[in-house]
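What's in entry_6.cif: mmCIF, C-alpha atoms
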```cif
data_run
loop_
_atom_site.label_atom_id
_atom_site.label_comp_id
_atom_site.auth_asym_id
_atom_site.auth_seq_id
_atom_site.Cartn_x
_atom_site.Cartn_y
_atom_site.Cartn_z
CA SER A 759 1.39 5.52 -24.35
CA ASP A 760 1.57 4.05 -27.82
CA VAL A 761 5.34 3.70 -27.60
CA GLU A 762 4.95 1.65 -24.43
CA ALA A 763 2.30 -0.51 -26.11
CA LEU A 764 4.78 -1.23 -28.91
CA VAL A 765 7.69 -1.88 -26.59
CA GLU A 766 5.51 -4.16 -24.48
CA ILE A 767 5.26 -6.42 -27.53
CA THR A 768 8.90 -6.18 -28.64
CA ARG A 769 10.24 -6.65 -25.10
CA ALA A 770 8.56 -10.05 -24.98
CA ILE A 771 10.57 -11.10 -28.05
CA GLU A 772 13.92 -12.60 -27.07
CA ASN A 773 14.59 -14.17 -30.43
CA TYR A 774 12.58 -14.46 -33.62
CA GLN A 775 13.03 -16.14 -36.99
CA ALA A 776 10.88 -16.08 -40.09
CA LYS A 777 10.83 -16.21 -43.85
CA PHE A 778 10.38 -12.83 -45.54
CA GLU A 779 8.89 -11.73 -48.85
CA GLN A 780 9.66 -8.19 -49.90
CA ASN A 781 7.72 -6.40 -52.63
CA ILE A 782 8.46 -2.89 -53.84
CA GLN A 783 5.62 -1.11 -55.67
CA ASP A 784 5.74 2.22 -57.42
CA GLN A 785 3.14 4.90 -56.83
CA PHE A 786 0.85 3.24 -59.40
CA GLY A 787 0.95 -0.09 -57.58
CA ASN A 788 3.11 -1.81 -60.22
CA SER A 789 5.46 -4.29 -58.63
CA LYS A 790 9.01 -3.11 -59.25
CA ASP A 791 11.11 -5.50 -57.29
CA LYS A 792 10.50 -8.72 -55.41
CA SER A 793 12.93 -10.52 -53.14
CA SER A 794 12.67 -13.23 -50.51
CA GLY A 795 14.77 -14.97 -47.91
CA HIS A 796 14.95 -15.54 -44.18
CA PHE A 797 15.61 -13.47 -41.10
CA ILE A 798 16.82 -14.44 -37.62
CA ILE A 799 17.30 -12.13 -34.66
CA GLN A 800 18.63 -12.79 -31.17
CA LYS A 801 18.12 -9.65 -29.14
CA PRO A 802 19.48 -7.16 -28.85
CA PHE A 803 21.46 -6.93 -32.07
CA LYS A 804 22.54 -10.37 -33.24
CA PHE A 805 20.87 -11.13 -36.53
CA VAL A 806 21.06 -12.76 -39.95
CA TRP A 807 19.26 -11.22 -42.96
CA GLN A 808 19.71 -13.65 -45.85
CA THR A 809 18.21 -12.67 -49.20
CA GLU A 810 17.90 -15.84 -51.30
CA SER A 811 16.20 -14.64 -54.48
CA PRO A 812 16.53 -13.08 -57.03
CA PHE A 813 20.04 -12.40 -55.73
CA GLU A 814 22.02 -13.86 -52.85
CA GLN A 815 23.15 -11.58 -50.04
CA LYS A 816 23.84 -12.48 -46.42
CA ILE A 817 24.03 -9.84 -43.71
CA VAL A 818 25.27 -11.16 -40.36
CA SER A 819 25.74 -9.33 -37.08
CA ASN A 820 27.18 -10.82 -33.90
CA GLY A 821 26.24 -7.68 -32.00
CA GLU A 822 29.65 -6.10 -32.57
CA THR A 823 30.61 -6.69 -36.17
CA LEU A 824 28.42 -6.51 -39.27
CA TRP A 825 29.37 -8.65 -42.29
CA THR A 826 27.66 -8.02 -45.63
CA PHE A 827 28.42 -10.86 -48.04
CA ASP A 828 27.16 -10.37 -51.57
CA GLN A 829 27.51 -13.91 -52.88
CA ASP A 830 26.78 -12.92 -56.48
CA LEU A 831 29.36 -10.15 -56.39
CA ASP A 832 31.95 -12.25 -54.48
CA GLN A 833 32.28 -9.34 -52.10
CA VAL A 834 32.40 -9.07 -48.28
CA ASN A 835 32.17 -5.80 -46.40
CA ILE A 836 33.04 -5.79 -42.70
CA GLN A 837 31.92 -2.91 -40.49
CA THR A 838 31.44 -2.16 -36.83
CA LEU A 839 27.77 -2.54 -36.03
CA ASN A 840 26.55 0.94 -35.17
CA LYS A 841 23.67 0.49 -32.88
CA ALA A 842 21.35 2.95 -34.65
CA MET A 843 21.84 0.95 -37.80
CA GLY A 844 19.57 1.02 -40.78
CA ASN A 845 18.07 -2.47 -40.79
CA THR A 846 14.54 -1.40 -39.94
CA PRO A 847 13.07 -4.70 -38.66
CA VAL A 848 16.09 -5.34 -36.43
CA PHE A 849 16.10 -1.79 -35.09
CA LEU A 850 12.37 -2.00 -34.44
CA LEU A 851 12.60 -5.23 -32.45
CA GLY A 852 15.82 -4.35 -30.66
CA ALA A 853 15.27 -0.72 -29.66
CA ASN A 854 13.92 0.25 -26.21
CA ALA A 855 11.16 2.85 -25.66
CA GLU A 856 13.63 5.69 -25.21
CA THR A 857 15.53 5.04 -28.44
CA LEU A 858 12.30 4.46 -30.35
CA GLN A 859 10.83 7.71 -29.09
CA LYS A 860 13.91 9.67 -30.08
CA THR A 861 13.70 8.32 -33.62
CA PHE A 862 9.98 7.96 -34.35
CA ASN A 863 6.59 9.36 -33.42
CA VAL A 864 4.65 6.19 -32.61
CA LYS A 865 0.89 5.93 -32.95
CA GLN A 866 -1.16 2.77 -32.38
CA LEU A 867 -3.88 2.47 -35.00
CA VAL A 868 -7.34 1.19 -34.21
CA SER A 869 -7.67 -2.41 -35.40
CA GLY A 870 -10.85 -4.47 -35.59
CA ASP A 871 -9.12 -7.73 -34.75
CA ASP A 872 -7.86 -7.63 -31.15
CA ALA A 873 -5.21 -10.27 -31.90
CA ALA A 874 -3.69 -7.82 -34.41
CA LYS A 875 -1.91 -4.59 -33.40
CA THR A 876 -0.80 -2.00 -35.93
CA PHE A 877 1.57 0.87 -35.21
CA GLU A 878 2.35 3.85 -37.40
CA LEU A 879 5.89 5.24 -37.05
CA THR A 880 6.91 8.51 -38.62
CA PRO A 881 10.56 9.63 -38.42
CA VAL A 882 11.14 12.54 -36.06
CA GLU A 883 13.90 13.96 -38.24
CA GLN A 884 14.04 14.39 -42.01
CA GLY A 885 16.46 12.51 -44.22
CA TYR A 886 15.00 9.05 -43.65
CA ALA A 887 14.53 6.94 -46.75
CA PHE A 888 10.86 6.56 -45.85
CA GLU A 889 8.16 8.96 -44.75
CA ARG A 890 5.92 6.55 -42.86
CA MET A 891 6.19 3.01 -41.56
CA LEU A 892 3.36 0.69 -40.59
CA VAL A 893 4.12 -2.34 -38.44
CA LEU A 894 1.66 -5.17 -37.92
CA PHE A 895 1.89 -7.72 -35.10
CA LYS A 896 -0.41 -10.75 -34.84
CA GLN A 897 -0.60 -12.64 -31.53
CA GLY A 898 2.54 -10.74 -30.49
CA LYS A 899 4.49 -11.87 -33.58
CA LEU A 900 5.87 -9.54 -36.21
CA LYS A 901 3.75 -10.07 -39.34
CA GLU A 902 4.35 -7.20 -41.75
CA ILE A 903 6.24 -3.96 -42.23
CA LEU A 904 5.16 -1.39 -44.81
CA LEU A 905 7.38 1.55 -45.75
CA LEU A 906 6.06 4.53 -47.70
CA ASP A 907 8.50 7.00 -49.21
CA THR A 908 8.03 10.58 -50.33
CA LEU A 909 7.58 9.51 -53.98
CA GLY A 910 4.66 7.24 -53.12
CA GLN A 911 6.73 4.10 -53.48
CA LYS A 912 5.66 1.26 -51.17
CA THR A 913 7.97 -1.42 -49.74
CA ILE A 914 6.06 -4.30 -48.15
CA VAL A 915 7.93 -6.90 -46.10
CA GLU A 916 5.78 -9.88 -45.08
CA PHE A 917 7.02 -12.40 -42.54
CA SER A 918 5.77 -16.00 -42.46
CA GLU A 919 6.49 -19.33 -40.75
CA SER A 920 7.82 -17.39 -37.80
CA THR A 921 8.94 -18.89 -34.50
CA GLN A 922 9.77 -16.92 -31.37
CA ASN A 923 11.75 -17.40 -28.14
CA GLU A 924 12.90 -20.90 -29.08
CA ALA A 925 16.32 -22.42 -28.41
CA LEU A 926 18.65 -20.94 -31.00
CA ASP A 927 22.11 -22.05 -32.18
CA THR A 928 23.97 -18.74 -31.81
CA SER A 929 26.84 -19.89 -34.06
CA VAL A 930 24.68 -18.64 -36.97
CA PHE A 931 25.64 -15.12 -35.90
CA GLU A 932 29.34 -15.71 -36.56
CA PHE A 933 30.64 -15.34 -40.10
CA THR A 934 33.82 -16.70 -41.66
CA VAL A 935 35.03 -14.98 -44.81
CA PRO A 936 35.19 -17.50 -47.68
CA GLU A 937 38.20 -17.86 -49.96
CA GLY A 938 38.70 -15.86 -53.11
CA VAL A 939 36.31 -12.95 -52.47
CA ASP A 940 37.04 -9.22 -52.42
CA VAL A 941 37.07 -8.16 -48.77
CA VAL A 942 36.83 -4.59 -47.56
CA ASP A 943 37.27 -4.26 -43.80
CA SER A 944 36.27 -0.74 -42.87
CA ARG A 945 36.47 -1.30 -39.11
CA GLN A 946 39.99 0.01 -38.51
CA LYS A 947 39.06 3.34 -40.06
CA GLU A 948 36.41 3.93 -37.43
CA ALA A 949 37.82 5.80 -34.42
CA PRO A 950 38.15 3.39 -31.43
CA CYS B 57 -3.53 -7.49 -69.98
CA SER B 58 -1.77 -10.81 -69.60
CA LEU B 59 -1.06 -11.76 -66.03
CA MET B 60 2.13 -13.62 -66.83
CA ARG B 61 4.87 -11.68 -68.58
CA PRO B 62 4.77 -13.42 -72.02
CA THR B 63 8.16 -14.96 -72.84
CA PRO B 64 9.02 -12.87 -75.88
CA GLU B 65 9.75 -14.70 -79.09
CA LEU B 66 13.44 -14.02 -79.43
CA PRO B 67 15.66 -15.56 -82.06
CA GLN B 68 17.19 -18.78 -80.74
CA ASN B 69 20.54 -20.58 -81.21
CA LEU B 70 22.13 -17.64 -82.97
CA THR B 71 25.74 -17.68 -84.12
CA PRO B 72 27.85 -15.11 -82.24
CA GLU B 73 27.79 -12.80 -85.29
CA ALA B 74 24.01 -13.07 -85.72
CA ARG B 75 23.62 -12.51 -82.00
CA SER B 76 25.73 -9.32 -82.12
CA ASP B 77 23.80 -8.03 -85.12
CA TYR B 78 20.48 -8.74 -83.39
CA LEU B 79 21.44 -7.16 -80.08
CA SER B 80 23.06 -4.06 -81.55
CA GLN B 81 19.89 -3.06 -83.41
CA LEU B 82 17.60 -3.42 -80.37
CA ASP B 83 15.57 -0.34 -79.55
CA TYR B 84 14.78 -1.54 -76.04
CA TRP B 85 16.54 -3.58 -73.44
CA GLN B 86 16.70 -3.60 -69.63
CA LEU B 87 19.00 -5.34 -67.21
CA THR B 88 18.34 -5.80 -63.50
CA GLY B 89 20.94 -6.97 -61.05
CA ARG B 90 23.40 -6.18 -58.33
CA ILE B 91 26.23 -3.69 -58.54
CA GLY B 92 29.29 -3.71 -56.30
CA ILE B 93 31.59 -0.69 -56.17
CA ILE B 94 35.01 -0.82 -54.47
CA ALA B 95 36.83 2.50 -54.37
CA ASN B 96 39.25 4.22 -51.96
CA GLY B 97 39.02 1.47 -49.38
CA GLU B 98 35.24 1.38 -49.29
CA SER B 99 32.87 -1.18 -50.73
CA ASN B 100 29.25 -0.61 -51.57
CA SER B 101 26.64 -2.90 -53.06
CA ALA B 102 23.23 -1.97 -54.35
CA ASN B 103 20.57 -2.97 -56.84
CA ILE B 104 20.76 -1.62 -60.35
CA SER B 105 18.31 -1.43 -63.23
CA TRP B 106 19.66 -0.14 -66.54
CA GLN B 107 17.30 0.54 -69.40
CA LYS B 108 17.79 1.64 -72.96
CA ASN B 109 14.60 2.83 -74.62
CA LYS B 110 15.29 4.19 -78.11
CA GLN B 111 17.36 7.33 -77.46
CA THR B 112 16.82 7.40 -73.70
CA THR B 113 19.05 5.58 -71.24
CA SER B 114 18.13 5.41 -67.57
CA VAL B 115 20.20 3.89 -64.80
CA ARG B 116 18.66 3.46 -61.36
CA ILE B 117 20.75 2.48 -58.36
CA TYR B 118 18.68 1.57 -55.29
CA GLY B 119 19.10 0.07 -51.89
CA ALA B 120 17.84 -2.97 -50.04
CA LEU B 121 14.50 -1.57 -48.89
CA GLY B 122 13.91 0.11 -52.25
CA ALA B 123 15.34 3.53 -51.41
CA THR B 124 16.59 5.08 -54.64
CA TYR B 125 20.17 6.26 -54.33
CA ALA B 126 20.40 7.69 -57.84
CA LEU B 127 18.30 7.74 -60.98
CA VAL B 128 20.27 9.15 -63.89
CA THR B 129 18.72 9.63 -67.33
CA GLN B 130 20.47 10.48 -70.60
CA THR B 131 18.56 11.72 -73.64
CA PRO B 132 19.96 13.25 -76.85
CA THR B 133 19.28 16.71 -75.39
CA GLY B 134 20.89 16.23 -71.98
CA ALA B 135 21.13 14.35 -68.71
CA THR B 136 19.30 14.55 -65.40
CA ILE B 137 20.01 12.91 -62.06
CA LYS B 138 17.61 12.46 -59.15
CA LEU B 139 19.19 11.67 -55.79
CA SER B 140 17.66 10.14 -52.67
CA GLY B 141 16.98 13.48 -51.00
CA ASP B 142 14.81 14.44 -54.02
CA GLU B 143 17.58 16.69 -55.27
CA VAL B 144 17.64 16.98 -59.07
CA TYR B 145 20.60 18.10 -61.18
CA GLN B 146 20.85 18.72 -64.92
CA GLY B 147 23.84 18.37 -67.18
CA ASP B 148 24.95 17.30 -70.63
CA ASP B 149 26.52 13.97 -69.78
CA ALA B 150 25.02 11.35 -67.45
CA GLN B 151 28.39 9.79 -66.66
CA LEU B 152 29.86 13.13 -65.59
CA LEU B 153 26.74 14.09 -63.65
CA LEU B 154 26.72 10.78 -61.75
CA TRP B 155 30.37 11.20 -60.89
CA GLN B 156 30.02 14.83 -59.83
CA THR B 157 27.01 14.24 -57.60
CA THR B 158 27.79 10.81 -56.12
CA GLY B 159 31.52 10.28 -56.70
CA TRP B 160 30.69 7.05 -58.53
CA HIS B 161 32.88 6.83 -61.58
CA ILE B 162 30.83 4.46 -63.77
CA PRO B 163 31.67 4.53 -67.53
CA ILE B 164 28.00 4.63 -68.55
CA ASN B 165 28.65 5.80 -72.11
CA GLN B 166 31.07 2.97 -72.99
CA LEU B 167 29.21 0.33 -71.01
CA GLN B 168 26.01 1.30 -72.79
CA GLN B 169 27.45 -0.06 -76.02
CA TRP B 170 29.15 -3.18 -74.67
CA ILE B 171 27.27 -4.37 -71.57
CA LEU B 172 25.10 -6.63 -73.78
CA GLY B 173 28.28 -8.52 -74.60
CA LEU B 174 29.12 -6.56 -77.74
CA HIS B 175 32.42 -5.13 -78.89
CA GLN B 176 31.77 -2.81 -81.87
CA ASN B 177 34.27 0.07 -82.00
CA ALA B 178 36.00 -1.24 -78.88
CA PRO B 179 39.68 -0.28 -79.07
CA GLN B 180 40.90 -3.74 -77.93
CA TYR B 181 38.90 -6.88 -77.24
CA GLN B 182 39.21 -10.67 -76.86
CA LEU B 183 36.64 -13.36 -77.57
CA ASN B 184 36.05 -16.48 -75.47
CA PRO B 185 36.00 -19.98 -77.00
CA GLN B 186 32.26 -19.67 -77.75
CA GLY B 187 32.96 -16.53 -79.76
CA TYR B 188 31.46 -14.10 -77.23
CA VAL B 189 33.33 -11.04 -75.92
CA GLU B 190 35.57 -11.99 -73.00
CA SER B 191 37.29 -8.68 -72.35
CA ILE B 192 37.55 -5.12 -73.61
CA ALA B 193 40.26 -2.60 -72.79
CA PHE B 194 39.49 1.13 -73.15
CA ASP B 195 41.14 4.25 -71.63
CA GLN B 196 42.42 2.96 -68.26
CA TRP B 197 39.58 0.43 -67.94
CA GLN B 198 39.63 -3.34 -68.23
CA LEU B 199 36.13 -4.79 -68.73
CA SER B 200 35.84 -8.56 -68.31
CA PHE B 201 32.75 -10.66 -69.04
CA ASN B 202 33.23 -13.47 -66.51
CA ARG B 203 30.06 -15.43 -67.12
CA TYR B 204 27.36 -15.68 -69.77
CA GLN B 205 24.00 -17.27 -69.19
CA SER B 206 20.99 -17.96 -71.39
CA PHE B 207 18.14 -15.48 -70.92
CA TYR B 208 15.09 -16.37 -73.09
CA GLY B 209 17.45 -18.38 -75.31
CA LEU B 210 19.95 -15.54 -75.76
CA ALA B 211 23.43 -15.86 -74.28
CA MET B 212 23.77 -12.70 -72.17
CA PRO B 213 26.39 -11.49 -69.69
CA LYS B 214 25.63 -12.57 -66.12
CA LYS B 215 28.83 -11.48 -64.33
CA LEU B 216 31.00 -8.55 -65.37
CA ARG B 217 33.89 -6.75 -63.74
CA ALA B 218 35.16 -3.30 -64.79
CA THR B 219 38.48 -2.35 -63.22
CA HIS B 220 40.19 1.03 -63.29
CA PRO B 221 43.18 2.21 -61.20
CA ASP B 222 40.87 3.94 -58.71
CA ILE B 223 37.70 1.86 -58.84
CA THR B 224 36.42 -1.71 -59.32
CA ILE B 225 32.81 -2.17 -60.42
CA LYS B 226 31.13 -5.56 -60.45
CA PHE B 227 27.78 -6.46 -62.01
CA ALA B 228 25.78 -9.60 -61.20
CA ILE B 229 22.84 -9.47 -63.62
CA TYR B 230 19.81 -11.61 -62.76
CA ASP B 231 17.36 -10.47 -65.40
CA TRP B 232 17.50 -9.25 -68.99
CA ALA B 233 14.31 -7.95 -70.61
CA PHE B 234 13.89 -7.16 -74.28
CA VAL B 235 10.21 -6.25 -74.43
CA ASN B 236 8.96 -2.89 -73.16
CA HIS B 237 6.06 -3.58 -70.78
CA ASP B 238 5.48 -0.09 -69.41
#
```
Would you write out, as structure tokens, the structure that this file holds?
Amino acid sequence: SDVEALVEITRAIENYQAKFEQNIQDQFGNSKDKSSGHFIIQKPFKFVWQTESPFEQKIVSNGETLWTFDQDLDQVNIQTLNKAMGNTPVFLLGANAETLQKTFNVKQLVSGDDAAKTFELTPVEQGYAFERMLVLFKQGKLKEILLLDTLGQKTIVEFSESTQNEALDTSVFEFTVPEGVDVVDSRQKEAP
Amino acid sequence: CSLMRPTPELPQNLTPEARSDYLSQLDYWQLTGRIGIIANGESNSANISWQKNKQTTSVRIYGALGATYALVTQTPTGATIKLSGDEVYQGDDAQLLLWQTTGWHIPINQLQQWILGLHQNAPQYQLNPQGYVESIAFDQWQLSFNRYQSFYGLAMPKKLRATHPDITIKFAIYDWAFVNHD
């Protein structure tokens, strides 16, 4: 099935790192927001999503705890990582066939270039921020994610200079809270 | 049309007074940046774009992948808010509407006048050594302009913090625009 075809690709990815460029376009194609940075994931759910421009924000997960550090706002939010979390690229790479199938209808689209594989994911339930997601892999590497929302707004995330399954220093997935920032630790509130 | 956004010819090296006069008569301005909200033990951060276009003010708060959390618009005749689930609500006052529908208590009406780094009809204010507004106190709020930066030759607020007994709001502004391109 198409889900298995997708999972066959993601299962082969143990870890992955790349630069990302995100571009948000309104329904008329005007660029509304551009941001860039880098992304590292060590399966299943250790990752770093660092936005470098135009603002600085670092999201780090060690698989248990999720730190969101807004450098510009001098603010750190600490949460328990809930496995069905909202970071789409991480969820996509980390989820197994069963979880994917519960969340999305997956369809593999015909592609002329056999090195490229494109999948269309549509949320099973309502209430998702996007209506349709397209994911492009090239030679088994994540290349692009495109999100379309109900208002016709497009969010395009392009990955470049990616490396996969290479030795990785896992200390990058630990975060120490710097001095002098506002910290909100919302872990204790969550029921054990 | 021009590919590059033309850098608008804005007055340069203004004295603080000339700067205030210039900014307060602007028909159009837009800020883009990050907003951090800390209230009842929870912290949120999002992107914000705030635009004044003649009589219409629109404030859009949106998430990392572009999902709009709230788009609230105030015109002389009333206010509307659009939320992420495509729900739309009408009201008289944008600030009240935003608070009622999202729980975010953001003093839009007061900030609208001062966020450019202005202080006209502010009940209490202090200036920094350069002569720009450093802080404004109003109702139970304390608004502090922590950093200014030059945008197109104009000294504009880059970091602001608005504190109130039940909420702290922080702005990190990374772009100011003074020319209407739409």
Excluding same-chain residues fewer than 5 positions from Ile836 of chain A, what lies within 9 Å of it counting all atoms listed in the file, as a count of residues only? 10
Mind checking which residues fall within 6 Å of segment 772-777 of chain A, counting only C-alpha atoms, ignoring those fewer than 2 positions away in the same chain, and posting them as a PDB file with C-alpha atoms, in the coordinates of the input?
```
ATOM      1  CA  GLY A 795      14.770 -14.970 -47.910  1.00  0.00           C
ATOM      2  CA  HIS A 796      14.950 -15.540 -44.180  1.00  0.00           C
ATOM      3  CA  PHE A 797      15.610 -13.470 -41.100  1.00  0.00           C
ATOM      4  CA  ILE A 798      16.820 -14.440 -37.620  1.00  0.00           C
ATOM      5  CA  ILE A 799      17.300 -12.130 -34.660  1.00  0.00           C
ATOM      6  CA  GLN A 800      18.630 -12.790 -31.170  1.00  0.00           C
ATOM      7  CA  LYS A 801      18.120  -9.650 -29.140  1.00  0.00           C
ATOM      8  CA  PHE A 917       7.020 -12.400 -42.540  1.00  0.00           C
ATOM      9  CA  SER A 918       5.770 -16.000 -42.460  1.00  0.00           C
ATOM     10  CA  GLU A 919       6.490 -19.330 -40.750  1.00  0.00           C
ATOM     11  CA  SER A 920       7.820 -17.390 -37.800  1.00  0.00           C
ATOM     12  CA  THR A 921       8.940 -18.890 -34.500  1.00  0.00           C
ATOM     13  CA  GLN A 922       9.770 -16.920 -31.370  1.00  0.00           C
ATOM     14  CA  ASN A 923      11.750 -17.400 -28.140  1.00  0.00           C
TER      15      ASN A 923
END
```
Per residue of chain B within 12 Å of chain A, note the shortest atom pair and the distance in Å to one decimal, counting only C-alpha atoms, and order the rows by chain and increasing residue number, as JSON lines.
```
{"residue": "B:Thr88", "atom": "CA", "partner": "A:Asp791", "partner_atom": "CA", "distance": 9.5}
{"residue": "B:Gly89", "atom": "CA", "partner": "A:Phe813", "partner_atom": "CA", "distance": 7.7}
{"residue": "B:Arg90", "atom": "CA", "partner": "A:Leu831", "partner_atom": "CA", "distance": 7.4}
{"residue": "B:Ile91", "atom": "CA", "partner": "A:Leu831", "partner_atom": "CA", "distance": 7.5}
{"residue": "B:Gly92", "atom": "CA", "partner": "A:Leu831", "partner_atom": "CA", "distance": 6.4}
{"residue": "B:Ile93", "atom": "CA", "partner": "A:Gln833", "partner_atom": "CA", "distance": 9.6}
{"residue": "B:Ile94", "atom": "CA", "partner": "A:Val942", "partner_atom": "CA", "distance": 8.1}
{"residue": "B:Ala95", "atom": "CA", "partner": "A:Val942", "partner_atom": "CA", "distance": 9.8}
{"residue": "B:Asn96", "atom": "CA", "partner": "A:Val942", "partner_atom": "CA", "distance": 10.1}
{"residue": "B:Gly97", "atom": "CA", "partner": "A:Val942", "partner_atom": "CA", "distance": 6.7}
{"residue": "B:Glu98", "atom": "CA", "partner": "A:Val942", "partner_atom": "CA", "distance": 6.4}
{"residue": "B:Ser99", "atom": "CA", "partner": "A:Val942", "partner_atom": "CA", "distance": 6.1}
{"residue": "B:Asn100", "atom": "CA", "partner": "A:Asn835", "partner_atom": "CA", "distance": 7.9}
{"residue": "B:Ser101", "atom": "CA", "partner": "A:Asp828", "partner_atom": "CA", "distance": 7.6}
{"residue": "B:Ala102", "atom": "CA", "partner": "A:Asp828", "partner_atom": "CA", "distance": 9.7}
{"residue": "B:Asn103", "atom": "CA", "partner": "A:Phe813", "partner_atom": "CA", "distance": 9.5}
{"residue": "B:Ile104", "atom": "CA", "partner": "A:Asp791", "partner_atom": "CA", "distance": 10.8}
{"residue": "B:Ser105", "atom": "CA", "partner": "A:Asp791", "partner_atom": "CA", "distance": 10.2}
{"residue": "B:Arg116", "atom": "CA", "partner": "A:Lys790", "partner_atom": "CA", "distance": 11.9}
{"residue": "B:Tyr118", "atom": "CA", "partner": "A:Asp791", "partner_atom": "CA", "distance": 10.5}
{"residue": "B:Gly119", "atom": "CA", "partner": "A:Ala887", "partner_atom": "CA", "distance": 9.7}
{"residue": "B:Ala120", "atom": "CA", "partner": "A:Asn845", "partner_atom": "CA", "distance": 9.3}
{"residue": "B:Leu121", "atom": "CA", "partner": "A:Thr913", "partner_atom": "CA", "distance": 6.6}
{"residue": "B:Gly122", "atom": "CA", "partner": "A:Ile782", "partner_atom": "CA", "distance": 6.4}
{"residue": "B:Ala123", "atom": "CA", "partner": "A:Ala887", "partner_atom": "CA", "distance": 5.8}
{"residue": "B:Thr124", "atom": "CA", "partner": "A:Ala887", "partner_atom": "CA", "distance": 8.4}
{"residue": "B:Tyr125", "atom": "CA", "partner": "A:Ala887", "partner_atom": "CA", "distance": 9.5}
{"residue": "B:Lys138", "atom": "CA", "partner": "A:Leu909", "partner_atom": "CA", "distance": 11.7}
{"residue": "B:Leu139", "atom": "CA", "partner": "A:Ala887", "partner_atom": "CA", "distance": 11.2}
{"residue": "B:Ser140", "atom": "CA", "partner": "A:Ala887", "partner_atom": "CA", "distance": 7.4}
{"residue": "B:Gly141", "atom": "CA", "partner": "A:Gly885", "partner_atom": "CA", "distance": 6.9}
{"residue": "B:Asp142", "atom": "CA", "partner": "A:Thr908", "partner_atom": "CA", "distance": 8.6}
{"residue": "B:Glu143", "atom": "CA", "partner": "A:Gly885", "partner_atom": "CA", "distance": 11.9}
{"residue": "B:Asn202", "atom": "CA", "partner": "A:Leu831", "partner_atom": "CA", "distance": 11.3}
{"residue": "B:Arg203", "atom": "CA", "partner": "A:Asp830", "partner_atom": "CA", "distance": 11.4}
{"residue": "B:Lys214", "atom": "CA", "partner": "A:Asp830", "partner_atom": "CA", "distance": 9.7}
{"residue": "B:Lys215", "atom": "CA", "partner": "A:Leu831", "partner_atom": "CA", "distance": 8.1}
{"residue": "B:Leu216", "atom": "CA", "partner": "A:Leu831", "partner_atom": "CA", "distance": 9.3}
{"residue": "B:Arg217", "atom": "CA", "partner": "A:Leu831", "partner_atom": "CA", "distance": 9.3}
{"residue": "B:Thr224", "atom": "CA", "partner": "A:Asp940", "partner_atom": "CA", "distance": 10.2}
{"residue": "B:Ile225", "atom": "CA", "partner": "A:Leu831", "partner_atom": "CA", "distance": 9.6}
{"residue": "B:Lys226", "atom": "CA", "partner": "A:Leu831", "partner_atom": "CA", "distance": 6.4}
{"residue": "B:Phe227", "atom": "CA", "partner": "A:Leu831", "partner_atom": "CA", "distance": 6.9}
{"residue": "B:Ala228", "atom": "CA", "partner": "A:Asp830", "partner_atom": "CA", "distance": 5.9}
{"residue": "B:Ile229", "atom": "CA", "partner": "A:Asp830", "partner_atom": "CA", "distance": 8.9}
{"residue": "B:Tyr230", "atom": "CA", "partner": "A:Pro812", "partner_atom": "CA", "distance": 6.8}
{"residue": "B:Asp231", "atom": "CA", "partner": "A:Pro812", "partner_atom": "CA", "distance": 8.8}
{"residue": "B:His237", "atom": "CA", "partner": "A:Asn788", "partner_atom": "CA", "distance": 11.1}
{"residue": "B:Asp238", "atom": "CA", "partner": "A:Asn788", "partner_atom": "CA", "distance": 9.6}
```
Those same residues, written as a short mmCIF file (atom, residue, chain, number, x, y, z; two decimals), keeping the file's coordinate frame with C-alpha atoms?
```cif
data_model
loop_
_atom_site.label_atom_id
_atom_site.label_comp_id
_atom_site.auth_asym_id
_atom_site.auth_seq_id
_atom_site.Cartn_x
_atom_site.Cartn_y
_atom_site.Cartn_z
CA THR B 88 18.34 -5.80 -63.50
CA GLY B 89 20.94 -6.97 -61.05
CA ARG B 90 23.40 -6.18 -58.33
CA ILE B 91 26.23 -3.69 -58.54
CA GLY B 92 29.29 -3.71 -56.30
CA ILE B 93 31.59 -0.69 -56.17
CA ILE B 94 35.01 -0.82 -54.47
CA ALA B 95 36.83 2.50 -54.37
CA ASN B 96 39.25 4.22 -51.96
CA GLY B 97 39.02 1.47 -49.38
CA GLU B 98 35.24 1.38 -49.29
CA SER B 99 32.87 -1.18 -50.73
CA ASN B 100 29.25 -0.61 -51.57
CA SER B 101 26.64 -2.90 -53.06
CA ALA B 102 23.23 -1.97 -54.35
CA ASN B 103 20.57 -2.97 -56.84
CA ILE B 104 20.76 -1.62 -60.35
CA SER B 105 18.31 -1.43 -63.23
CA ARG B 116 18.66 3.46 -61.36
CA TYR B 118 18.68 1.57 -55.29
CA GLY B 119 19.10 0.07 -51.89
CA ALA B 120 17.84 -2.97 -50.04
CA LEU B 121 14.50 -1.57 -48.89
CA GLY B 122 13.91 0.11 -52.25
CA ALA B 123 15.34 3.53 -51.41
CA THR B 124 16.59 5.08 -54.64
CA TYR B 125 20.17 6.26 -54.33
CA LYS B 138 17.61 12.46 -59.15
CA LEU B 139 19.19 11.67 -55.79
CA SER B 140 17.66 10.14 -52.67
CA GLY B 141 16.98 13.48 -51.00
CA ASP B 142 14.81 14.44 -54.02
CA GLU B 143 17.58 16.69 -55.27
CA ASN B 202 33.23 -13.47 -66.51
CA ARG B 203 30.06 -15.43 -67.12
CA LYS B 214 25.63 -12.57 -66.12
CA LYS B 215 28.83 -11.48 -64.33
CA LEU B 216 31.00 -8.55 -65.37
CA ARG B 217 33.89 -6.75 -63.74
CA THR B 224 36.42 -1.71 -59.32
CA ILE B 225 32.81 -2.17 -60.42
CA LYS B 226 31.13 -5.56 -60.45
CA PHE B 227 27.78 -6.46 -62.01
CA ALA B 228 25.78 -9.60 -61.20
CA ILE B 229 22.84 -9.47 -63.62
CA TYR B 230 19.81 -11.61 -62.76
CA ASP B 231 17.36 -10.47 -65.40
CA HIS B 237 6.06 -3.58 -70.78
CA ASP B 238 5.48 -0.09 -69.41
#
```
